[in-house]
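Raw model_4.cif, mmCIF, C-alpha atoms:
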```
data_final
#
loop_
_atom_site.label_atom_id
_atom_site.label_comp_id
_atom_site.auth_asym_id
_atom_site.auth_seq_id
_atom_site.Cartn_x
_atom_site.Cartn_y
_atom_site.Cartn_z
CA MET A 27 -0.70 15.17 -22.64
CA ASN A 28 1.84 12.93 -24.48
CA THR A 29 1.20 9.48 -25.80
CA LYS A 30 3.99 6.96 -25.27
CA SER A 31 4.82 6.91 -28.95
CA ALA A 32 4.98 10.71 -29.11
CA LEU A 33 7.35 10.76 -26.16
CA LEU A 34 9.50 8.10 -27.81
CA LYS A 35 9.67 10.15 -30.98
CA MET A 36 10.82 13.21 -29.05
CA VAL A 37 13.56 11.20 -27.35
CA LEU A 38 14.72 9.76 -30.65
CA PHE A 39 14.71 13.19 -32.30
CA THR A 40 16.95 14.48 -29.51
CA LEU A 41 19.29 11.51 -29.12
CA LEU A 42 19.99 10.93 -32.79
CA SER A 43 22.25 13.15 -34.85
CA GLY A 44 20.05 16.16 -34.10
CA THR A 45 19.71 17.09 -37.77
CA SER A 46 16.06 17.77 -38.49
CA PHE A 47 14.69 15.20 -40.92
CA ALA A 48 12.49 17.94 -42.39
CA GLN A 49 14.45 20.62 -44.19
CA GLN A 50 11.36 22.57 -45.19
CA THR A 51 11.46 26.08 -43.71
CA HIS A 52 8.18 27.44 -45.05
CA TRP A 53 4.70 26.05 -44.52
CA ARG A 54 1.28 27.50 -45.29
CA PHE A 55 -1.70 25.61 -43.89
CA ASP A 56 -5.44 25.94 -44.17
CA PHE A 57 -7.74 24.05 -41.84
CA GLY A 58 -11.11 22.40 -41.84
CA ALA A 59 -13.25 20.36 -44.21
CA GLU A 60 -12.85 22.51 -47.32
CA LYS A 61 -9.76 23.51 -49.26
CA GLY A 62 -8.58 27.10 -49.03
CA LEU A 63 -6.21 29.16 -51.18
CA LYS A 64 -4.22 27.57 -53.98
CA GLY A 65 -0.83 26.39 -52.79
CA ASP A 66 -1.84 25.91 -49.16
CA VAL A 67 -1.36 22.60 -47.41
CA HIS A 68 -4.85 21.43 -46.60
CA VAL A 69 -5.12 20.04 -43.06
CA LEU A 70 -8.09 17.92 -42.12
CA PRO A 71 -9.27 17.66 -38.50
CA GLU A 72 -7.98 14.08 -38.40
CA THR A 73 -4.48 14.98 -39.66
CA SER A 74 -2.04 14.09 -36.90
CA PHE A 75 1.65 14.84 -36.56
CA GLU A 76 2.24 11.34 -35.28
CA SER A 77 0.89 9.80 -38.50
CA ASN A 78 3.17 11.62 -40.95
CA GLY A 79 6.00 13.12 -38.89
CA GLN A 80 5.85 16.41 -40.80
CA TYR A 81 2.78 18.35 -39.63
CA GLY A 82 -0.55 17.88 -37.93
CA PHE A 83 -2.47 18.04 -34.69
CA ASP A 84 -0.40 16.69 -31.84
CA PHE A 85 -0.59 14.96 -28.46
CA GLY A 86 -4.00 13.47 -29.02
CA SER A 87 -5.70 16.77 -29.85
CA VAL A 88 -9.29 16.38 -31.00
CA VAL A 89 -10.61 19.17 -33.24
CA GLN A 90 -13.63 19.64 -35.44
CA ALA A 91 -14.28 21.53 -38.65
CA VAL A 92 -16.20 24.80 -38.66
CA LYS A 93 -17.61 25.63 -42.06
CA TYR A 94 -17.78 29.18 -43.31
CA SER A 95 -18.92 30.42 -46.71
CA GLY A 96 -18.38 34.14 -46.25
CA LYS A 97 -15.99 36.59 -47.84
CA LYS A 98 -13.69 35.46 -50.61
CA ALA A 99 -10.67 36.61 -48.62
CA PHE A 100 -11.40 33.86 -46.07
CA PRO A 101 -12.59 30.90 -48.11
CA GLY A 102 -13.18 27.41 -46.83
CA SER A 103 -13.53 26.73 -43.15
CA GLY A 104 -11.63 26.47 -39.92
CA ILE A 105 -11.16 24.23 -36.90
CA LYS A 106 -11.95 24.50 -33.22
CA SER A 107 -11.99 22.39 -30.09
CA GLU A 108 -13.67 22.48 -26.71
CA LYS A 109 -10.27 21.86 -25.10
CA PRO A 110 -6.76 23.20 -25.68
CA PHE A 111 -5.24 21.67 -28.80
CA TYR A 112 -1.77 21.39 -30.30
CA PHE A 113 -0.45 21.69 -33.84
CA SER A 114 3.14 20.83 -34.80
CA ALA A 115 5.33 21.12 -37.88
CA ALA A 116 8.81 19.65 -38.25
CA VAL A 117 11.35 22.41 -38.89
CA PRO A 118 15.11 22.96 -38.56
CA GLU A 119 16.66 25.21 -35.90
CA GLY A 120 16.11 28.94 -36.28
CA ASN A 121 13.65 31.79 -35.81
CA TYR A 122 10.22 31.43 -37.39
CA ARG A 123 7.64 34.02 -38.27
CA VAL A 124 4.21 32.61 -37.42
CA THR A 125 1.13 34.21 -38.97
CA LEU A 126 -2.31 33.06 -37.85
CA THR A 127 -5.77 33.93 -39.10
CA MET A 128 -8.43 33.42 -36.43
CA GLY A 129 -12.11 34.19 -36.02
CA ASP A 130 -15.57 32.74 -36.37
CA ALA A 131 -18.54 33.68 -38.54
CA ASN A 132 -20.95 32.51 -35.87
CA ASP A 133 -19.47 33.51 -32.51
CA ALA A 134 -17.11 35.89 -30.75
CA THR A 135 -13.72 34.42 -29.82
CA ALA A 136 -10.90 35.15 -27.34
CA SER A 137 -7.75 33.27 -28.29
CA THR A 138 -4.62 32.66 -26.21
CA VAL A 139 -1.72 31.08 -28.08
CA LYS A 140 1.38 29.48 -26.57
CA ALA A 141 4.41 28.00 -28.29
CA GLU A 142 6.64 25.07 -27.41
CA SER A 143 6.91 24.72 -23.61
CA ARG A 144 4.09 27.11 -22.69
CA ARG A 145 5.67 30.31 -24.05
CA LEU A 146 2.99 32.99 -24.11
CA MET A 147 2.76 34.47 -27.61
CA LEU A 148 -0.75 35.96 -27.82
CA ALA A 149 -3.05 36.77 -24.90
CA GLU A 150 -6.82 36.91 -25.36
CA VAL A 151 -7.00 38.06 -28.96
CA LYS A 152 -10.68 38.93 -29.20
CA THR A 153 -12.86 38.90 -32.29
CA LYS A 154 -16.51 39.76 -32.71
CA GLN A 155 -18.95 37.48 -34.45
CA GLY A 156 -18.05 37.45 -38.14
CA GLU A 157 -14.70 39.17 -37.53
CA PHE A 158 -11.35 37.67 -38.54
CA VAL A 159 -7.91 38.83 -37.41
CA THR A 160 -4.38 38.05 -38.55
CA LYS A 161 -1.62 38.02 -35.93
CA THR A 162 2.12 37.52 -36.37
CA PHE A 163 4.81 36.63 -33.84
CA ILE A 164 8.28 35.05 -33.77
CA VAL A 165 9.12 31.65 -32.29
CA ASN A 166 12.69 30.47 -31.69
CA ILE A 167 13.44 26.80 -32.33
CA LYS A 168 16.67 25.38 -30.95
CA ASN A 169 18.48 22.07 -30.82
CA ARG A 170 21.35 20.82 -28.69
CA ASN A 171 23.99 20.70 -31.44
CA ILE A 172 27.12 22.84 -31.31
CA ALA A 173 29.99 23.05 -33.78
CA ALA A 174 32.70 20.37 -33.87
CA GLY A 175 30.32 17.64 -32.75
CA GLN A 176 29.67 19.04 -29.29
CA MET A 177 26.21 18.98 -27.74
CA VAL A 178 24.42 20.68 -24.86
CA ALA A 179 24.36 18.35 -21.86
CA LEU A 180 20.63 18.14 -21.22
CA LYS A 181 19.05 16.88 -18.03
CA PRO A 182 17.01 13.68 -18.47
CA ARG A 183 13.69 15.49 -18.23
CA GLU A 184 14.74 17.89 -20.99
CA LEU A 185 14.94 15.02 -23.49
CA THR A 186 11.15 15.07 -23.87
CA LYS A 187 10.72 18.81 -23.53
CA LEU A 188 9.03 20.60 -26.41
CA ASP A 189 11.75 23.26 -26.34
CA TRP A 190 14.36 20.73 -27.45
CA ASP A 191 12.62 18.64 -30.10
CA ASP A 192 12.80 19.01 -33.89
CA LYS A 193 9.45 20.65 -34.44
CA LEU A 194 7.56 23.86 -33.83
CA THR A 195 4.51 23.28 -31.63
CA LEU A 196 1.71 25.76 -31.03
CA GLU A 197 -0.89 25.41 -28.29
CA PHE A 198 -4.34 26.99 -28.72
CA ASP A 199 -6.87 27.39 -25.94
CA GLY A 200 -10.39 26.06 -26.19
CA HIS A 201 -11.78 29.37 -27.47
CA THR A 202 -9.79 29.58 -30.71
CA VAL A 203 -11.20 29.13 -34.20
CA LEU A 204 -8.14 28.71 -36.42
CA LYS A 205 -8.42 29.27 -40.18
CA THR A 206 -4.90 29.54 -41.58
CA MET A 207 -1.30 29.33 -40.42
CA GLU A 208 1.94 30.31 -42.13
CA LEU A 209 5.40 29.40 -40.81
CA THR A 210 8.50 30.98 -42.35
CA LYS A 211 12.12 30.77 -41.24
CA VAL A 212 13.54 34.29 -40.90
CA ASP A 213 17.17 35.28 -40.41
CA ASP A 214 16.74 39.02 -39.87
CA GLN A 215 15.44 38.96 -36.29
CA ILE A 216 17.26 40.26 -33.22
CA THR A 217 17.58 37.26 -30.93
CA VAL A 218 17.38 37.83 -27.18
CA PHE A 219 19.02 34.85 -25.49
CA LEU A 220 18.10 34.12 -21.87
CA ALA A 221 20.56 32.47 -19.48
CA GLY A 222 19.30 31.58 -16.04
CA ASN A 223 17.73 29.10 -13.66
CA SER A 224 14.17 28.02 -12.81
CA THR A 225 13.03 31.61 -12.30
CA VAL A 226 13.72 32.15 -16.03
CA VAL A 227 13.19 28.72 -17.68
CA ASN A 228 10.20 27.73 -19.79
CA GLN A 229 8.40 25.62 -17.20
CA ASP A 230 6.56 22.67 -18.76
CA ASP A 231 3.86 22.00 -16.22
CA GLU A 232 1.12 23.81 -14.39
CA PRO A 233 1.12 25.54 -12.00
CA TRP A 234 4.76 26.60 -12.39
CA ALA A 235 5.86 29.37 -14.72
CA SER A 236 8.79 31.78 -15.13
CA TRP A 237 9.27 35.21 -16.60
CA GLY A 238 11.24 33.90 -19.59
CA GLN A 239 8.17 32.16 -21.01
CA MET A 240 5.93 35.19 -20.52
CA ILE A 241 8.11 37.87 -22.06
CA PRO A 242 7.60 36.87 -25.75
CA ARG A 243 4.05 38.23 -25.45
CA PHE A 244 5.43 41.77 -25.15
CA PHE A 245 7.41 41.85 -28.41
CA LYS A 246 6.42 42.50 -31.99
CA PRO A 247 8.08 40.72 -34.92
CA GLY A 248 11.70 41.82 -35.14
CA VAL A 249 12.69 40.13 -31.88
CA ALA A 250 12.92 36.43 -31.06
CA ILE A 251 13.25 35.16 -27.48
CA ALA A 252 15.58 32.16 -27.20
CA ASN A 253 15.29 30.83 -23.66
CA HIS A 254 18.24 28.60 -22.72
CA ALA A 255 17.64 28.71 -18.96
CA GLU A 256 17.15 25.51 -16.98
CA SER A 257 16.20 24.70 -13.39
CA GLY A 258 18.94 24.17 -10.83
CA LEU A 259 21.73 25.87 -12.77
CA THR A 260 24.48 28.21 -11.64
CA LEU A 261 26.71 30.35 -13.80
CA GLY A 262 29.25 27.53 -13.54
CA SER A 263 26.93 24.67 -14.45
CA PHE A 264 25.45 26.72 -17.30
CA ILE A 265 28.96 26.94 -18.73
CA GLY A 266 29.78 23.33 -17.84
CA SER A 267 26.73 21.95 -19.63
CA ARG A 268 27.85 23.88 -22.74
CA ARG A 269 24.76 26.09 -22.79
CA LEU A 270 26.82 29.26 -23.08
CA SER A 271 28.79 27.65 -25.91
CA LYS A 272 25.53 26.83 -27.66
CA ILE A 273 24.30 30.42 -27.38
CA LEU A 274 27.58 31.81 -28.66
CA SER A 275 27.57 29.37 -31.58
CA VAL A 276 24.37 30.88 -32.99
CA MET A 277 24.65 34.47 -31.74
CA LYS A 278 24.81 37.24 -34.35
CA PRO A 279 26.18 40.77 -33.88
CA GLY A 280 23.43 42.88 -32.33
CA ASP A 281 21.82 39.98 -30.48
CA TYR A 282 21.34 40.21 -26.70
CA LEU A 283 22.13 37.94 -23.76
CA PHE A 284 20.13 38.47 -20.57
CA ILE A 285 21.88 36.87 -17.59
CA GLU A 286 20.06 36.09 -14.32
CA PHE A 287 21.63 33.78 -11.74
CA GLY A 288 22.17 33.72 -7.98
CA HIS A 289 19.64 31.42 -6.33
CA ASN A 290 21.76 28.31 -6.83
CA ASP A 291 25.14 30.06 -6.94
CA GLN A 292 24.69 31.02 -3.28
CA LYS A 293 24.62 27.31 -2.40
CA GLU A 294 28.16 26.75 -3.69
CA LYS A 295 30.55 26.63 -0.72
CA GLY A 296 33.98 26.02 -2.25
CA ALA A 297 37.09 27.95 -1.26
CA HIS A 298 36.77 30.26 -4.26
CA ASP A 299 32.99 30.44 -4.37
CA GLY A 300 30.90 33.38 -3.28
CA ALA A 301 29.27 36.51 -4.61
CA TYR A 302 32.51 38.48 -4.98
CA GLN A 303 34.64 35.56 -6.16
CA SER A 304 33.51 32.85 -8.60
CA TYR A 305 30.11 34.46 -9.22
CA THR A 306 31.69 37.80 -10.10
CA GLU A 307 34.36 36.25 -12.31
CA ARG A 308 31.87 34.08 -14.18
CA LEU A 309 29.55 37.01 -14.77
CA LYS A 310 32.50 38.84 -16.32
CA THR A 311 33.14 35.80 -18.52
CA PHE A 312 29.56 35.87 -19.81
CA VAL A 313 29.94 39.57 -20.57
CA ALA A 314 33.31 39.22 -22.31
CA GLU A 315 32.30 36.23 -24.43
CA THR A 316 29.08 37.91 -25.53
CA ARG A 317 30.96 41.03 -26.59
CA LYS A 318 33.45 38.95 -28.57
CA LYS A 319 30.53 37.80 -30.70
CA GLY A 320 29.27 41.35 -31.17
CA GLY A 321 26.40 40.70 -28.79
CA ILE A 322 24.97 42.95 -26.10
CA PRO A 323 25.05 41.58 -22.53
CA VAL A 324 22.42 42.61 -19.98
CA ILE A 325 22.80 41.65 -16.32
CA VAL A 326 19.60 40.91 -14.42
CA THR A 327 19.66 40.66 -10.63
CA SER A 328 17.99 37.64 -9.03
CA THR A 329 14.26 37.63 -8.35
CA SER A 330 13.41 38.02 -4.70
CA ARG A 331 12.00 35.09 -2.77
CA ARG A 332 8.72 35.41 -0.90
CA SER A 333 10.24 35.83 2.57
CA PHE A 334 8.65 38.39 4.90
CA ASP A 335 10.19 39.66 8.13
CA GLN A 336 8.36 40.34 11.38
CA GLU A 337 7.34 43.79 10.13
CA GLY A 338 5.68 42.30 7.06
CA LYS A 339 8.37 43.39 4.59
CA ILE A 340 10.36 41.31 2.10
CA GLN A 341 13.77 40.41 3.46
CA ASN A 342 16.86 39.64 1.40
CA THR A 343 17.57 35.89 1.24
CA LEU A 344 20.16 36.14 -1.53
CA GLY A 345 23.02 37.59 0.48
CA ASP A 346 25.55 39.61 -1.52
CA PHE A 347 24.63 38.19 -4.91
CA PRO A 348 22.34 41.02 -6.08
CA ASP A 349 24.96 43.54 -4.97
CA ALA A 350 27.71 41.63 -6.77
CA ALA A 351 25.67 41.64 -9.98
CA ARG A 352 25.16 45.40 -9.69
CA LYS A 353 28.89 45.92 -9.17
CA VAL A 354 29.82 43.83 -12.22
CA ALA A 355 27.35 45.76 -14.37
CA ALA A 356 28.84 49.06 -13.22
CA ALA A 357 32.45 47.92 -13.61
CA GLU A 358 31.89 46.43 -17.07
CA ASN A 359 29.57 49.20 -18.28
CA VAL A 360 26.78 46.72 -18.85
CA ALA A 361 23.05 47.49 -18.80
CA LEU A 362 21.48 46.38 -15.50
CA ILE A 363 17.89 45.33 -14.91
CA ASP A 364 17.52 45.33 -11.13
CA LEU A 365 14.88 42.64 -10.94
CA ASN A 366 15.70 41.97 -7.31
CA ALA A 367 14.72 45.50 -6.35
CA MET A 368 11.62 45.48 -8.55
CA THR A 369 10.33 42.13 -7.27
CA THR A 370 10.95 43.26 -3.70
CA SER A 371 8.74 46.26 -4.40
CA LEU A 372 6.20 44.05 -6.18
CA PHE A 373 5.83 41.55 -3.33
CA ASN A 374 5.79 44.27 -0.68
CA ALA A 375 2.94 45.93 -2.55
CA MET A 376 1.04 42.65 -2.67
CA GLY A 377 1.62 41.94 1.00
CA GLU A 378 2.29 38.71 2.83
CA VAL A 379 -1.09 37.12 2.09
CA GLN A 380 -1.87 38.41 -1.40
CA SER A 381 1.64 37.61 -2.65
CA LYS A 382 0.84 33.90 -2.38
CA LYS A 383 -1.24 34.42 -5.51
CA ALA A 384 1.98 35.06 -7.43
CA PHE A 385 3.73 31.90 -6.21
CA VAL A 386 3.01 28.19 -6.30
CA HIS A 387 0.70 28.06 -3.28
CA TYR A 388 -2.20 25.65 -3.80
CA PRO A 389 -4.21 23.29 -1.62
CA ALA A 390 -3.89 19.54 -2.03
CA ASN A 391 -5.62 17.94 -5.01
CA ARG A 392 -5.78 21.18 -7.02
CA TYR A 393 -3.94 19.36 -9.83
CA PRO A 394 -3.99 15.69 -10.88
CA GLY A 395 -1.55 13.61 -8.85
CA GLN A 396 -0.96 16.39 -6.33
CA ASP A 397 -1.87 14.80 -3.00
CA LYS A 398 -0.09 17.40 -0.86
CA ALA A 399 -0.45 21.15 -0.56
CA LEU A 400 2.05 23.25 -2.51
CA ALA A 401 3.79 26.08 -0.67
CA ASP A 402 6.70 27.20 -2.86
CA ASN A 403 8.10 30.65 -2.04
CA THR A 404 10.72 30.73 -4.80
CA HIS A 405 8.88 29.62 -7.94
CA PHE A 406 6.08 31.53 -9.59
CA ASN A 407 2.70 30.60 -10.96
CA PRO A 408 1.64 32.04 -14.35
CA PHE A 409 0.31 35.27 -12.84
CA GLY A 410 3.48 35.87 -10.85
CA ALA A 411 5.66 35.06 -13.87
CA TYR A 412 3.66 37.51 -15.97
CA GLU A 413 4.10 40.29 -13.42
CA ILE A 414 7.84 39.67 -13.28
CA ALA A 415 8.05 39.69 -17.08
CA ARG A 416 6.42 43.12 -16.90
CA CYS A 417 9.20 44.15 -14.50
CA VAL A 418 11.80 43.00 -17.03
CA VAL A 419 10.05 44.97 -19.78
CA LEU A 420 10.10 48.00 -17.52
CA GLY A 421 13.83 47.48 -17.04
CA ILE A 422 14.31 47.36 -20.81
CA GLN A 423 12.54 50.71 -21.05
CA GLN A 424 14.49 52.24 -18.15
CA GLN A 425 17.81 51.15 -19.65
CA LYS A 426 16.75 52.51 -23.06
CA LEU A 427 17.84 49.34 -24.81
CA GLY A 428 17.42 49.14 -28.56
CA LEU A 429 14.74 46.53 -27.95
CA VAL A 430 12.29 49.24 -26.86
CA LYS A 431 11.17 49.92 -30.42
CA TYR A 432 10.06 46.29 -30.77
CA LEU A 433 7.73 46.31 -27.78
CA ILE A 434 4.06 45.89 -28.62
CA ASN A 435 2.21 49.06 -29.52
CA ASP A 436 -0.48 48.68 -26.89
CA LEU A 437 1.93 48.07 -24.01
CA PRO A 438 0.29 49.34 -20.81
CA THR A 439 2.29 51.29 -18.24
CA PHE A 440 3.48 49.29 -15.26
CA ASP A 441 4.68 50.08 -11.74
CA PRO A 442 5.86 47.20 -9.52
CA ALA A 443 4.48 49.10 -6.53
CA GLN A 444 1.04 48.88 -8.14
CA PRO A 445 0.70 45.26 -9.33
CA ASP A 446 -2.13 43.95 -11.46
CA ASP A 447 -5.15 42.33 -9.86
CA PRO A 448 -4.71 38.53 -10.05
CA MET A 449 -8.49 38.09 -10.11
CA SER A 450 -8.76 39.98 -13.40
CA TRP A 451 -5.94 38.07 -15.11
CA ARG A 452 -6.79 35.11 -17.34
CA TRP A 453 -4.54 32.13 -18.01
CA PRO A 454 -5.94 29.09 -19.84
CA GLU A 455 -4.15 26.19 -18.18
CA SER A 456 -2.17 23.84 -20.39
CA PRO A 457 -2.61 20.06 -20.36
CA LYS A 458 0.23 18.56 -18.37
CA SER A 459 2.53 15.66 -19.17
CA SER A 460 3.27 15.29 -15.47
CA LEU A 461 3.41 17.18 -12.22
CA ILE A 462 7.10 17.58 -11.44
CA LYS A 463 8.45 20.07 -8.95
CA PRO A 464 11.50 21.95 -10.29
CA ASP A 465 14.72 20.41 -8.95
CA GLY A 466 16.23 23.46 -7.37
CA ASN A 467 15.99 27.02 -8.59
#
```

Written as structure tokens, that's how I'd like the structure from this file.
Amino acid sequence: MNTKSALLKMVLFTLLSGTSFAQQTHWRFDFGAEKGLKGDVHVLPETSFESNGQYGFDFGSVVQAVKYSGKKAFPGSGIKSEKPFYFSAAVPEGNYRVTLTMGDANDATASTVKAESRRLMLAEVKTKQGEFVTKTFIVNIKNRNIAAGQMVALKPRELTKLDWDDKLTLEFDGHTVLKTMELTKVDDQITVFLAGNSTVVNQDDEPWASWGQMIPRFFKPGVAIANHAESGLTLGSFIGSRRLSKILSVMKPGDYLFIEFGHNDQKEKGAHDGAYQSYTERLKTFVAETRKKGGIPVIVTSTSRRSFDQEGKIQNTLGDFPDAARKVAAAENVALIDLNAMTTSLFNAMGEVQSKKAFVHYPANRYPGQDKALADNTHFNPFGAYEIARCVVLGIQQQKLGLVKYLINDLPTFDPAQPDDPMSWRWPESPKSSLIKPDGN
């Protein structure tokens, strides 16, 4: 999806001082062939981010104008595309309120909107012919800079990741008619920081996905999800790469830190490693440091792997690590979301065959460049990630966290023992920059 020059720009943005060259924190755009409200930035279909470095359609997106001469409240026109398209605006680090006006005078629409590295923000927002809707959500933008000149130690592949560049990027599916967009930096949001591995990270490429990139869809404005997870990390390497330091440097009193590790920690075999040794002590460190900042720690047990025993039931492949996490939560009086127990119930309910539809199990040649079948029993596809995000939301409700009041109004009830039907779930696939299997968990 990226041109070479766009990739180069991302690398340069990340490797240079890290200070965003664009200090503007408020944008209001109107789209199409005709100008909209006074004061808006008028964006033509041919306006590209690459050409001006401040705002525009990105990654080779091709859009066309849709004229509309209806109500005065929605003057001008809009834009659409037959394929997913991207729009970016250069902004500094922070939380941004995004307000979109969508709809078409001529047709019904059903819009799915993602942000940055495939974070699900809006799912199938439907409008009737001639109907226009305005939707608002919060997007967190982060950079790698920490106080005193320190920086997060990114992996090479993160250098070109949309989550770490100096712009806010939105992805629209091929059924969206976009009329206006407003971006405003807001400092009054509760930020929920996520610390974890590849079961939590914002996965860049289809068909992988994780619960951390699905959970923004369940929150109203008032909460921002800041996902700092990365594949292959342990509690120790998360600290060592200065990701915890980065979180603490921007955490405000009342913010949350959700902590889910274990898959990679169990691979550490040093004299002091193990569930009840280094893992336990490091979990306590995360809790203590979060509380020092006035934050609220939440421990999340590791997602279960898809491993069935001879009786067709999920078996524990994570040893004592889920138990150790439960013990730390109890000892430190920390809220616990027992995702290990919920995903065990979820996969048992699906069964050995149906559960493949929640993981990365695909025949060869399903995706470009994929010449071998995929049979990954640890990492989730978008449907599986969505179901697990629903488990996390259920845990938030069960623990009666203050975040409950920010959950979307039309939140459906959910029981892991009664999973959704994957055949009735829609996910517009994102264009891929590459097909890279996560390096570890």

Could you make a table, as a tab-separated table, of the residues of region 212-279 of chain A that have an atom within 10 Å of an atom of region 163-168 of chain A, each with its nearest atom pair and distance in Å to one decimal, counting all atoms listed in the file, in chain and number order?
```
residue	atom	partner	partner_atom	distance
A:Val212	CA	A:Ile164	CA	8.9
A:Gln215	CA	A:Ile164	CA	8.5
A:Thr217	CA	A:Asn166	CA	8.4
A:Val218	CA	A:Asn166	CA	9.8
A:Phe219	CA	A:Asn166	CA	9.9
A:Pro242	CA	A:Ile164	CA	8.3
A:Arg243	CA	A:Phe163	CA	8.6
A:Phe245	CA	A:Phe163	CA	8.0
A:Lys246	CA	A:Phe163	CA	6.4
A:Pro247	CA	A:Phe163	CA	5.3
A:Gly248	CA	A:Ile164	CA	7.7
A:Val249	CA	A:Ile164	CA	7.0
A:Ala250	CA	A:Ile164	CA	5.5
A:Ile251	CA	A:Asn166	CA	6.3
A:Ala252	CA	A:Asn166	CA	5.6
A:Asn253	CA	A:Asn166	CA	8.4
A:His254	CA	A:Lys168	CA	9.0
A:Lys272	CA	A:Lys168	CA	9.6
A:Ile273	CA	A:Lys168	CA	9.8
A:Val276	CA	A:Lys168	CA	9.7
```

Per-residue nearest contacts region 87-172 of chain A to region 75-80 of chain A, cut-off 10 Å, using all atoms listed in the file, as a Markdown table:
```
| residue | atom | partner | partner_atom | distance |
| --- | --- | --- | --- | --- |
| A:Tyr112 | CA | A:Phe75 | CA | 9.7 |
| A:Phe113 | CA | A:Phe75 | CA | 7.7 |
| A:Ser114 | CA | A:Phe75 | CA | 6.4 |
| A:Ala115 | CA | A:Gln80 | CA | 5.6 |
| A:Ala116 | CA | A:Gln80 | CA | 5.1 |
| A:Val117 | CA | A:Gln80 | CA | 8.4 |
```

The residue from A:Ala221, A:Ala355, A:His405, A:Arg317 with the smallest atom-to-atom distance to Ser330 (chain A), counting all atoms listed in the file, is A:His405

With distances taken over all atoms listed in the file, the candidate from A:Lys205, A:Val159, A:Ala131, A:Val67 nearest Gly104 (chain A) is A:Lys205

Handout entry: Resolved residues for the PyMOL selection byres ((chain A and resi 209) around 9) as a ChimeraX atom specification
Key = /A:51-55,115,122-125,207-208,210-211

Exercise. Run the PyMOL selection byres ((chain A and resi 144) around 7) on the file and write out the hits as a ChimeraX atom specification.
Key: /A:140-143,145-146,228,230,239

Picked residues, the PyMOL selection byres ((chain A and resi 155) around 6), as a list in words: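 Taken over the shown coordinates, the PyMOL selection byres ((chain A and resi 155) around 6) returns Ala131, Asn132, Asp133, Ala134, Lys154, Gly156 and Glu157 of chain A.
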
Those residues you just picked out, can you put them in a file as a compact mmCIF listing (two decimals), keeping the file's coordinate frame with C-alpha atoms?
```txt
# COMPACT_ATOMS: atom_id res chain seq x y z
CA ALA A 131 -18.54 33.68 -38.54
CA ASN A 132 -20.95 32.51 -35.87
CA ASP A 133 -19.47 33.51 -32.51
CA ALA A 134 -17.11 35.89 -30.75
CA LYS A 154 -16.51 39.76 -32.71
CA GLY A 156 -18.05 37.45 -38.14
CA GLU A 157 -14.70 39.17 -37.53
```

Nearest to Ser137 (chain A), restricted to all atoms listed in the file and choosing among A:Thr202, A:Thr404, A:Asn169, A:Thr327, comes out as A:Thr202

Any idea what the distance is between CA of Trp237 (chain A) and CA of Lys187 (chain A)?
->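 According to the coordinates, CA of Trp237 (chain A) and CA of Lys187 (chain A) are separated by 17.9 Å.
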
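For the atom pair formed by CA of Phe409 (chain A) and CA of Ala384 (chain A), the distance is 5.7 Å, given to one decimal.
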
Handout entry: All residues 8 Å or closer to Leu400 (chain A), all atoms listed in the file, same chain fewer than 4 positions away omitted, as a ChimeraX atom specification
Key = /A:386-390

Those selected residues, please, written with C-alpha atoms and delivered as a PDB file, in the coordinates of the input.
```
ATOM      1  CA  VAL A 386       3.010  28.190  -6.300  1.00  0.00           C
ATOM      2  CA  HIS A 387       0.700  28.060  -3.280  1.00  0.00           C
ATOM      3  CA  TYR A 388      -2.200  25.650  -3.800  1.00  0.00           C
ATOM      4  CA  PRO A 389      -4.210  23.290  -1.620  1.00  0.00           C
ATOM      5  CA  ALA A 390      -3.890  19.540  -2.030  1.00  0.00           C
TER       6      ALA A 390
END
```

I'd like the contact shell of region 414-424 of chain A - 9 Å cut-off, all atoms listed in the file, skipping same-chain residues fewer than 6 positions apart - returned as a list in words.
Ser236, Trp237, Gly238, Gln239, Met240, Ile241, Phe244, Val326, Thr329, Ala361, Leu362, Ile363, Asp364, Leu365, Met368, Thr369, Leu372, Val430, Leu433, Thr439, Phe440, Asp441 and Pro442 of chain A

In terms of all atoms listed in the file, the residue from A:Val89, A:Leu283, A:Leu194, A:Ile340 at minimal distance from Thr316 (chain A) is A:Leu283

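Restricting the calculation to all atoms listed in the file, the smallest distance between Gln229 (chain A) and any of A:Gly266, A:Gly129, A:Pro118, A:Pro408 is found for A:Pro408.
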
Point out the residue among A:Glu184, A:Glu119, A:Asp402, A:Asp130 with the least atom-to-atom distance to Val227 (chain A), counting all atoms listed in the file.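 Looking only at the distances to Val227 (chain A), the closest residue turns out to be A:Glu184.
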
Next item on the list: Provide the CA of Ala149 (chain A) to CA of Asp213 (chain A) distance in Å, to one decimal place.
Entry: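 Interatomic distance, CA of Ala149 (chain A) to CA of Asp213 (chain A): 25.5 Å.
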
* Asked: So which residues touch Arg331 (chain A) within 8 Å, counting all atoms listed in the file, skipping near sequence neighbours fewer than 5 positions away, as a list of chain:residue names?
  ->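 The filter keeps A:Asn342, A:Thr343, A:Asn403, A:Thr404.
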